[in-house]
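Comments concern the structure below.
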Amino acid sequence: MISKALYIRDISPGQTIQDTFLLAEARTGQSRNGPYWSLMLQDASGQMEAKVWSPLSQQHPGLSAGRFVTVRALAANYRDKCQLTIDQLAEVDAAEVDPADYLPESPVKPAELLAEIEALCRQELTHKPWRGLIRKILADEEIRSSLLPATGAKTVHHAYAGGLLEHTLCVAKTCLGLCDLYPQLDRQVLLVAAILHDLGKAWELSTGLTTDYTDEGRLLGHIQLGLERVEPFLARARDLDPALVLHLKHLIISHHGEYEFGAPRRPKTPEAFILHFADNIDAKLNTMAGAYAEIEGTGQSWTPFQRYLDRFIYRPARTPQPPRQGPKSTDGQKHGDGQSLLLPIE
């Protein structure tokens, strides 16, 4: 078994590195000096671009995503991002590595995320038809087994195992928080829609050593796929008002907000706007967290250019937090120092 020693998050410009990585992407190109490989190397800590120039590239004509390779490479800055130039490469049998070293995943186990979503539904869904619908959907064996390993996207946000459930939980909590601020919103349908809005991603994207769009994903997309999975449950929910079902479907198909972002319909109710913005907030903040991770420990305040956000991201100074006070006792004493927190009576 090959032992993983160096992770992508620890690589910095100027290093010469040698370790094993998973090929997340492998594309060929042509330069003046001959053919080359443009690779995306991956391990559990993230991804990094790498180049294999001619003549070494011609010694490895069959590279493809999902394979493992041991490389020796020099790390250098290219367009404000760390990139590897590989001078030695050897393919590795998958049986010789531990896949867990190469597959990013949510810091919280998917089963725990799903359990928290189910607990949130039991606590919040007081309308029995909504509660019954969600309970049956999440208990379905095919849906459950597809949700647990699912990623939130291919590359942009929550692009790791458990990412879809992590995103779903955050969107649900954001919607509930906004319902506390705007109590006129339909809290029940918003929670149901938040849980179901990206359900189709479990079939839009493949899971395993590589993440890519399935045939269903390319031809239909996750909004259509999600509705197809939900429709049989809605058809059997005889006690659910058809007007509520109509609103739920609108929330799901409009959550991308605008036609140019893939929404079949634009939001036309307050709840639809809330779901769209909650979805966008969580996606953007997760993308920014990934950008900050790229400069962690470097002392830099600006990230490399973020293509999906179309800008550089700045890490601002944080307001100092006051020291935490110890718990007060009922007689006005602060635990631990014996000094009264009460002012003397004048």
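Naming works like this for the structure tokens: A, B, ... for the chains as they're shown, residue 1 at the start of each chain, ligands 1 onward in shown order.
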
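For Cys179 (chain A), the non-local neighbours within 12 Å, defined as residues at least 5 positions apart in the same chain or in other chains and counting only C-alpha atoms, are Glu124, Ala172, Lys173, Thr174, Gln184, Leu185, Asp186, Arg187, Gln188, Val189, Leu190, Leu191, Pro270, Glu271, Ile274, Leu275 and Ala278 of chain A.
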
Running DSSP on the backbone, which parts of region 182-327 of chain A land in strand (DSSP E or B), as JSON, numbers by chain? {"A": [205, 213, 302, 306, 311, 314]}

Go through A:Pro232, A:Leu251, A:Asn33, A:Asp282 and flag the residue nearest Ile137 (chain A), using only C-alpha atoms for the distances. A:Pro232

Identify, on the basis of only C-alpha atoms, every residue whose closest approach to Glu49 (chain A) does not exceed 7 Å; exclude the query and any residue fewer than 5 positions from it along the same chain; express the result as a list in words.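 Here the answer would be Leu39, Met40, Leu41, Gln83 and Leu84 of chain A.
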
Could you find all residues in region 80-314 of chain A that DSSP calls alpha helix (DSSP H) from the backbone, and write them as a PyMOL selection string? chain A and resi 110-124+128-139+141-147+163-181+187-196+201-204+215-219+222-236+242-253+270-294

So that I can see what lies close to region 140-145 of chain A, please list as a VMD selection string the residues with an atom at most 9 Å from it, counting only C-alpha atoms and leaving out residues fewer than 6 positions away in the same chain. chain A and resid 114 199 202 229

Compile a residue-level contact table for region 115-181 of chain A against region 101-111 of chain A at a cut-off of 8 Å, reporting for every qualifying residue the shortest atom pair and its distance in Å to one decimal, with only C-alpha atoms counted, rows ordered by chain and ascending number, as CSV.
```
residue,atom,partner,partner_atom,distance
A:Ala115,CA,A:Ala111,CA,6.1
A:Leu148,CA,A:Pro110,CA,5.4
A:Pro149,CA,A:Pro110,CA,7.0
A:Tyr160,CA,A:Glu105,CA,4.8
A:Ala161,CA,A:Glu105,CA,4.4
A:Gly162,CA,A:Pro110,CA,4.9
A:Gly163,CA,A:Ser106,CA,5.9
A:Leu165,CA,A:Pro110,CA,6.7
A:Glu166,CA,A:Ser106,CA,7.2
```

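The protein and nucleic acid residues lying at most 10 Å from Ala5 (chain A) are Gln18, Asp19, Thr20 and Asp101 of chain A, with only C-alpha atoms considered and sequence neighbours fewer than 4 positions away removed.
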
Who sits within 8 Å of Gly66 (chain A), only C-alpha atoms, same chain under 5 positions skipped, as a list of chain:residue names: A:Leu22, A:Leu23, A:Ala24, A:Glu25, A:Leu209, A:Thr210

Nearest to Leu285 (chain A), chosen from A:His158, A:Cys175, A:Thr151, A:Lys81, with only C-alpha atoms counted in the distances: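 Closest to Leu285 (chain A), using only C-alpha atoms: A:His158.
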
Compare A:His255, A:His250, A:His127, A:Lys154 by their minimum atom-to-atom distance to Thr214 (chain A), counting only C-alpha atoms, and give me the closest one. A:Lys154

What is the distance between CA of Arg266 (chain A) and CA of Ile223 (chain A), in Å to one decimal?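 Value for the CA of Arg266 (chain A)-CA of Ile223 (chain A) distance: 13.3 Å.
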
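Nearest residue to Ala100 (chain A), choosing from A:Lys4, A:Leu147, A:Ile11, A:Ala76 and counting only C-alpha atoms: A:Lys4.
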
List the neighbours of Lys249 (chain A) out to 12 Å using only C-alpha atoms; skip same-chain residues closer than 3 positions along the sequence, and give me the result as a PDB file with C-alpha atoms, in the first residue's frame.
```
ATOM      1  CA  VAL A 189     -43.333  24.992   1.919  1.00  0.00           C
ATOM      2  CA  LEU A 190     -39.987  26.822   2.031  1.00  0.00           C
ATOM      3  CA  VAL A 192     -39.784  21.339   1.907  1.00  0.00           C
ATOM      4  CA  ALA A 193     -38.543  23.158  -1.210  1.00  0.00           C
ATOM      5  CA  ALA A 194     -35.122  23.795   0.334  1.00  0.00           C
ATOM      6  CA  LEU A 196     -35.853  19.088  -2.518  1.00  0.00           C
ATOM      7  CA  HIS A 197     -34.482  21.924  -4.683  1.00  0.00           C
ATOM      8  CA  ILE A 223     -34.119  20.436 -11.910  1.00  0.00           C
ATOM      9  CA  GLN A 224     -35.950  18.081 -14.276  1.00  0.00           C
ATOM     10  CA  GLY A 226     -35.404  16.147  -9.209  1.00  0.00           C
ATOM     11  CA  LEU A 227     -39.008  16.747 -10.253  1.00  0.00           C
ATOM     12  CA  GLU A 228     -39.155  13.307 -11.880  1.00  0.00           C
ATOM     13  CA  VAL A 230     -40.558  13.703  -6.539  1.00  0.00           C
ATOM     14  CA  GLU A 231     -43.604  13.366  -8.833  1.00  0.00           C
ATOM     15  CA  LEU A 234     -46.705  13.908  -4.898  1.00  0.00           C
ATOM     16  CA  PRO A 242     -52.979  20.789  -5.140  1.00  0.00           C
ATOM     17  CA  ALA A 243     -52.371  24.525  -4.723  1.00  0.00           C
ATOM     18  CA  LEU A 244     -49.542  23.782  -2.299  1.00  0.00           C
ATOM     19  CA  VAL A 245     -48.090  21.223  -4.702  1.00  0.00           C
ATOM     20  CA  LEU A 246     -48.176  23.812  -7.487  1.00  0.00           C
ATOM     21  CA  ILE A 252     -38.039  24.049  -7.293  1.00  0.00           C
ATOM     22  CA  ILE A 253     -37.997  25.079 -10.968  1.00  0.00           C
ATOM     23  CA  SER A 254     -37.307  28.773 -10.250  1.00  0.00           C
ATOM     24  CA  HIS A 255     -34.521  28.435  -7.677  1.00  0.00           C
ATOM     25  CA  PRO A 264     -37.095  27.274 -16.452  1.00  0.00           C
ATOM     26  CA  ARG A 265     -39.152  29.984 -14.710  1.00  0.00           C
ATOM     27  CA  PRO A 267     -39.296  33.425  -9.105  1.00  0.00           C
ATOM     28  CA  LYS A 268     -42.853  34.754  -8.853  1.00  0.00           C
ATOM     29  CA  THR A 269     -43.629  34.434  -5.141  1.00  0.00           C
ATOM     30  CA  GLU A 271     -40.896  32.214  -1.047  1.00  0.00           C
ATOM     31  CA  ALA A 272     -39.390  31.597  -4.499  1.00  0.00           C
TER      32      ALA A 272
END
```

For CA of Phe305 (chain A) and CA of Ala263 (chain A), determine how far apart the two atoms are, in Å to one decimal place.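 Between these atoms lies a distance of 26.8 Å.
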
Can you work out the spacing between CA of Asp93 (chain A) and CA of Ile2 (chain A) in Å, to one decimal?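 Interatomic distance here is 9.9 Å.
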
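Take the candidates A:Ser38, A:Ala44, A:Trp203, A:Glu258 and check each one against Leu219 (chain A) using only C-alpha atoms; the shortest distance goes to A:Trp203.
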